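Below is one structure, written out as structure tokens; comments come after it.
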Protein chains: 2
Amino acid sequence: MQVTVLGAGSWGTTVASLTTLRNPTLLWARDAAVADEVNRDHTNKSYLPGFDLPDRLRATADLEEAVTHAELLIVGVPTRGFRGVLEQAKPHVHPWIPIISLSKGFESGSLLRMTEVIGQVLPGRPAVALSGPNLAREIMSGQAAASVVATEDLSVAAAIQNALARGVFRLYTNHDVIGAEVGGALKNVIALATGMAQGLGVGDNTRATVMARGLAEITRLGVAMGGEPSTFAGLAGLGDLVATCISPFSRNRTVGEELGKGRPLDEILASMNMVAEGVKTASTAIDLAARYDIEMPIARAIQQVVDGKATPMDAYRGLMHRRPGHENDPE
Amino acid sequence: MQVTVLGAGSWGTTVASLTTLRNPTLLWARDAAVADEVNRDHTNKSYLPGFDLPDRLRATADLEEAVTHAELLIVGVPTRGFRGVLEQAKPHVHPWIPIISLSKGFESGSLLRMTEVIGQVLPGRPAVALSGPNLAREIMSGQAAASVVATEDLSVAAAIQNALARGVFRLYTNHDVIGAEVGGALKNVIALATGMAQGLGVGDNTRATVMARGLAEITRLGVAMGGEPSTFAGLAGLGDLVATCISPFSRNRTVGEELGKGRPLDEILASMNMVAEGVKTASTAIDLAARYDIEMPIARAIQQVVDGKATPMDAYRGLMHRRPGHENDPE
């Protein structure tokens, strides 16, 4: 099966490195220099410094070439470029092939999930979300990881599982696409919050509390959007949340930590060459919370910090000042 | 309100140090030397080295004296001594006062939860579980923490919340006692598993996966026992699990890590002066899983290591070899 991965960031390149072990894989990079580097040196130093890529992985910067022969299309471009790349690719994409999204976030303005964008741009093809606790460098180092292939038709999910799973990369199936995508996107906001807690020097009790209360508010919103509670308690919810919140390599956690230490947001973002989706997702979460009439005190506090309306210390004090009630209540 | 805390281990002493700030509190220590040390030096060096206790906290080794005037009785002795201490205290315990369990585990043989033991020995009194992400040293250092007061009657829970909550110690109420106790007990088995993973040198993806799959199997068992899924996703489930699995100070995680490094269990346990409840809880979990006909692959693997029937490496290999199915399935 010919696999194409669009987007040569750290995660797109990692997934392409996995799929190429059993299926011929073509990686599309927006930047021709990155494609050349992959073909010539078998590295992608900007996004996966220190790692050798499989020799047989091929790359191109030509979108038509990348897409024309694809029998399975995997899309790993950041949410802000997602629709644009699909629109450009559209004339060359086979009918009825599954389109897998690796991107964790919502479209600005429309607040659509990435599989909804796929459904609009490339209708008639199964839209799939791949999500879970997947730190790219660990998988590149050969460490084991598990993830969820979420799509409505479980027989499609099982076929994709067959094509993509490796011994060290375990794939579970799930029919709950909404839950998998909402969990994957919103966990970045909670990673900002726990990172901020670390930057402020609080302990593991507080970090664990923010993760638990954070997952509770993500779950409330996700269930209102049509997701299932068990998905949020699974790999694409809790699993991804915990990996992102504990890993020293998570971008969103790192941005939060630097904010907690008092560094200004624009300075932090300027020093990173990767996208920290959580910064944008914080305000999307608040818009979605308003649409579905859900209380999200942690997301609200993070949005205020991101918008420069509160310091991380204010945000933490605010969260601590609410009087707790029943655990199932929002605050 | 006169509060008595039975058990001068690290958590019992920490809770007594919190309650004494607003309510006269008497701490019962089995060992007279510990009671003397608390009264004379305001320290408990065996269990909370490096911390000063509040001057007004009083201690005694006389159980009758400890219990006679108690208007609220908090029990923080390890599960293996829990029933015995209650039996001894019974003739002196006021009727209808709430009894709060701090202990996370099941009674050997009977497989009873601690509030069930309270119900048998001291019937007619509200039985309460206090559980959550509570690392004793962090709370002693003044770090914020949150916990759940779980008891069937929410008005009793609210009254206890009023009596015990401090600014930095947030208490939520919950009516689901079963969920709170099962989550608190079984998380220790998962802490052994993630500690073992750390000892074997695996990455954060795998640790997060073990936490997510571990919480899933705890939830399956807990729901079969009558608990509610949302409790397992809350502070006494996920919150406590994450704190225990990420903290360098967690005993169960530490035991797991040493096992992962290849140290024999009896040597590890002999070097600790505290009880690692998870070691005993692993086989209790398997007994409960059999009784309720639930698959618990992680607990089973941990039990085999604890029983010396498998090495930590065998256990991890075994978990990795199963072919994953739908995420909601047990394996």
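Labeling convention for the structure tokens: chains A, B, ... as they appear, residues from 1 per chain, ligands from 1 in order of appearance.
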
8 Å contact set for stretch 186-188 of chain B, only C-alpha atoms, chain neighbours under 6 positions out, as a PyMOL selection string: chain B and resi 105+215+218+237+240-241+244+252-253+277-278+281-282+285

With N, CA, C and O atoms retained, write the just-selected residues as a PDB file, in the first residue's frame.
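Contents of out_18.pdb, as written:
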ATOM      1  N   GLY B 105      -6.419   0.543  50.653  1.00  0.00           N
ATOM      2  CA  GLY B 105      -6.168  -0.865  50.400  1.00  0.00           C
ATOM      3  C   GLY B 105      -7.377  -1.664  50.856  1.00  0.00           C
ATOM      4  O   GLY B 105      -8.381  -1.101  51.300  1.00  0.00           O
ATOM      5  N   LEU B 215      -5.701   2.848  34.530  1.00  0.00           N
ATOM      6  CA  LEU B 215      -6.931   3.454  35.034  1.00  0.00           C
ATOM      7  C   LEU B 215      -8.140   2.779  34.398  1.00  0.00           C
ATOM      8  O   LEU B 215      -9.167   2.586  35.046  1.00  0.00           O
ATOM      9  N   ILE B 218      -8.732  -0.445  36.329  1.00  0.00           N
ATOM     10  CA  ILE B 218      -9.245  -0.117  37.668  1.00  0.00           C
ATOM     11  C   ILE B 218     -10.712   0.281  37.571  1.00  0.00           C
ATOM     12  O   ILE B 218     -11.544  -0.118  38.391  1.00  0.00           O
ATOM     13  N   GLY B 237      -9.260   9.000  41.722  1.00  0.00           N
ATOM     14  CA  GLY B 237      -8.859   8.011  40.729  1.00  0.00           C
ATOM     15  C   GLY B 237      -7.644   8.530  39.984  1.00  0.00           C
ATOM     16  O   GLY B 237      -6.506   8.423  40.435  1.00  0.00           O
ATOM     17  N   ASP B 240      -5.069  10.880  42.040  1.00  0.00           N
ATOM     18  CA  ASP B 240      -4.197  10.145  42.950  1.00  0.00           C
ATOM     19  C   ASP B 240      -3.226   9.262  42.165  1.00  0.00           C
ATOM     20  O   ASP B 240      -2.033   9.178  42.485  1.00  0.00           O
ATOM     21  N   LEU B 241      -3.731   8.638  41.110  1.00  0.00           N
ATOM     22  CA  LEU B 241      -2.890   7.779  40.264  1.00  0.00           C
ATOM     23  C   LEU B 241      -1.717   8.564  39.683  1.00  0.00           C
ATOM     24  O   LEU B 241      -0.552   8.137  39.763  1.00  0.00           O
ATOM     25  N   THR B 244       0.837   9.726  42.346  1.00  0.00           N
ATOM     26  CA  THR B 244       1.635   8.600  42.837  1.00  0.00           C
ATOM     27  C   THR B 244       2.626   8.128  41.780  1.00  0.00           C
ATOM     28  O   THR B 244       3.746   7.743  42.102  1.00  0.00           O
ATOM     29  N   ASN B 252       5.185   3.338  46.551  1.00  0.00           N
ATOM     30  CA  ASN B 252       4.865   2.243  45.638  1.00  0.00           C
ATOM     31  C   ASN B 252       5.607   2.405  44.312  1.00  0.00           C
ATOM     32  O   ASN B 252       6.140   1.446  43.771  1.00  0.00           O
ATOM     33  N   ARG B 253       5.680   3.648  43.829  1.00  0.00           N
ATOM     34  CA  ARG B 253       6.434   3.910  42.601  1.00  0.00           C
ATOM     35  C   ARG B 253       7.902   3.554  42.806  1.00  0.00           C
ATOM     36  O   ARG B 253       8.552   2.971  41.943  1.00  0.00           O
ATOM     37  N   GLU B 277       1.569  -0.373  50.230  1.00  0.00           N
ATOM     38  CA  GLU B 277       0.328  -1.160  50.178  1.00  0.00           C
ATOM     39  C   GLU B 277       0.152  -1.872  48.835  1.00  0.00           C
ATOM     40  O   GLU B 277      -0.500  -2.907  48.749  1.00  0.00           O
ATOM     41  N   GLY B 278       0.723  -1.327  47.769  1.00  0.00           N
ATOM     42  CA  GLY B 278       0.512  -1.874  46.438  1.00  0.00           C
ATOM     43  C   GLY B 278       0.969  -3.314  46.293  1.00  0.00           C
ATOM     44  O   GLY B 278       0.404  -4.087  45.507  1.00  0.00           O
ATOM     45  N   THR B 281      -1.792  -5.250  47.536  1.00  0.00           N
ATOM     46  CA  THR B 281      -3.004  -4.973  46.758  1.00  0.00           C
ATOM     47  C   THR B 281      -2.976  -5.662  45.396  1.00  0.00           C
ATOM     48  O   THR B 281      -4.024  -5.952  44.830  1.00  0.00           O
ATOM     49  N   ALA B 282      -1.777  -5.943  44.855  1.00  0.00           N
ATOM     50  CA  ALA B 282      -1.707  -6.603  43.542  1.00  0.00           C
ATOM     51  C   ALA B 282      -2.450  -7.934  43.577  1.00  0.00           C
ATOM     52  O   ALA B 282      -3.258  -8.230  42.691  1.00  0.00           O
ATOM     53  N   ALA B 285      -6.196  -7.408  44.028  1.00  0.00           N
ATOM     54  CA  ALA B 285      -6.827  -6.994  42.768  1.00  0.00           C
ATOM     55  C   ALA B 285      -7.168  -8.214  41.923  1.00  0.00           C
ATOM     56  O   ALA B 285      -8.248  -8.288  41.326  1.00  0.00           O
TER      57      ALA B 285
END

Which of stretch 28-244 of chain B DSSP labels alpha helix (DSSP H), written as a PyMOL selection string: chain B and resi 32-41+63-68+79-89+114-121+136-140+154-164+177-199+204-224+229-232+240-244

9 Å contact set for B:Thr151, only C-alpha atoms, chain neighbours under 3 positions out, as a list of chain:residue names: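 Selected residues are B:Pro126, B:Ala127, B:Val128, B:Ala129, B:Leu130, B:Leu154, B:Val156, B:Ala157, B:Thr173, B:Asn174, B:His175, B:Asp176, B:Val177.
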
Can you work out which residues from chain B touch chain A at a cut-off of 6 Å (counting only C-alpha atoms) and hand them back as a short mmCIF file (atom, residue, chain, number, x, y, z; two decimals) with N, CA, C and O atoms, in the first residue's frame?
data_model
loop_
_atom_site.label_atom_id
_atom_site.label_comp_id
_atom_site.auth_asym_id
_atom_site.auth_seq_id
_atom_site.Cartn_x
_atom_site.Cartn_y
_atom_site.Cartn_z
N PRO B 133 -4.93 13.09 45.47
CA PRO B 133 -3.48 13.20 45.26
C PRO B 133 -2.84 13.95 46.41
O PRO B 133 -2.76 15.16 46.41
N ASN B 134 -2.38 13.20 47.40
CA ASN B 134 -1.92 13.82 48.64
C ASN B 134 -0.57 13.29 49.04
O ASN B 134 -0.48 12.33 49.80
N ALA B 145 -3.04 21.26 47.83
CA ALA B 145 -3.49 19.92 47.42
C ALA B 145 -5.00 19.86 47.49
O ALA B 145 -5.63 20.69 48.15
N TYR B 172 -13.22 18.41 48.04
CA TYR B 172 -14.45 18.25 47.28
C TYR B 172 -15.27 17.14 47.94
O TYR B 172 -14.72 16.26 48.60
N THR B 173 -16.58 17.19 47.75
CA THR B 173 -17.42 16.12 48.29
C THR B 173 -17.80 15.15 47.17
O THR B 173 -17.79 15.50 46.00
N ASN B 174 -18.10 13.91 47.56
CA ASN B 174 -18.56 12.92 46.59
C ASN B 174 -19.36 11.87 47.37
O ASN B 174 -19.00 11.52 48.49
N ASP B 204 8.31 8.31 28.52
CA ASP B 204 7.07 8.86 29.06
C ASP B 204 5.84 8.40 28.29
O ASP B 204 4.76 8.32 28.87
N ASN B 205 5.98 8.08 26.99
CA ASN B 205 4.84 7.51 26.25
C ASN B 205 4.36 6.25 26.93
O ASN B 205 3.16 6.04 27.12
N THR B 206 5.31 5.37 27.25
CA THR B 206 4.94 4.09 27.85
C THR B 206 4.36 4.30 29.25
O THR B 206 3.37 3.68 29.61
N ALA B 208 2.81 6.91 30.35
CA ALA B 208 1.46 7.47 30.21
C ALA B 208 0.48 6.40 29.73
O ALA B 208 -0.67 6.36 30.17
N THR B 209 0.95 5.51 28.85
CA THR B 209 0.09 4.44 28.37
C THR B 209 -0.28 3.50 29.51
O THR B 209 -1.44 3.09 29.64
N ALA B 212 -2.90 5.18 31.59
CA ALA B 212 -4.23 5.22 30.96
C ALA B 212 -4.86 3.83 30.92
O ALA B 212 -6.02 3.65 31.29
N GLY B 234 -11.72 11.24 38.44
CA GLY B 234 -11.55 12.41 39.31
C GLY B 234 -10.32 12.34 40.20
O GLY B 234 -9.36 11.60 39.92
N LEU B 235 -10.34 13.11 41.27
CA LEU B 235 -9.16 13.26 42.13
C LEU B 235 -8.76 11.97 42.82
O LEU B 235 -7.57 11.69 42.98
N LEU B 238 -7.92 9.16 38.84
CA LEU B 238 -6.85 9.73 38.02
C LEU B 238 -5.90 10.63 38.80
O LEU B 238 -4.67 10.53 38.65
N GLY B 239 -6.44 11.53 39.63
CA GLY B 239 -5.58 12.50 40.33
C GLY B 239 -4.57 11.80 41.23
O GLY B 239 -3.37 12.07 41.18
N VAL B 242 -2.02 9.72 39.12
CA VAL B 242 -0.95 10.51 38.47
C VAL B 242 0.06 11.00 39.52
O VAL B 242 1.27 10.90 39.31
N ALA B 243 -0.44 11.53 40.63
CA ALA B 243 0.50 12.03 41.66
C ALA B 243 1.42 10.91 42.12
O ALA B 243 2.63 11.08 42.26
N PRO B 324 -3.75 -5.44 20.29
CA PRO B 324 -4.80 -4.54 20.77
C PRO B 324 -6.05 -4.63 19.92
O PRO B 324 -5.98 -4.89 18.72
N GLY B 325 -7.20 -4.42 20.54
CA GLY B 325 -8.47 -4.39 19.81
C GLY B 325 -9.11 -3.03 19.99
O GLY B 325 -8.43 -2.01 19.91
N HIS B 326 -10.43 -3.01 20.23
CA HIS B 326 -11.11 -1.75 20.51
C HIS B 326 -10.59 -1.24 21.85
O HIS B 326 -10.31 -2.01 22.76
N GLU B 327 -10.48 0.08 21.95
CA GLU B 327 -9.92 0.67 23.16
C GLU B 327 -10.74 0.33 24.40
O GLU B 327 -10.20 0.30 25.51
#

Residue contacts of stretch 53-70 of chain A (9 Å, only C-alpha atoms) excluding same-chain residues fewer than 2 positions away, as a ChimeraX atom specification: /A:1-6,8,13-14,16-18,20-21,24-39,41-44,51,72-73,85,88-94,97,140

Residues of stretch 150-179 of chain A in strand (DSSP E or B), written as a ChimeraX atom specification: /A:150,166,169-174
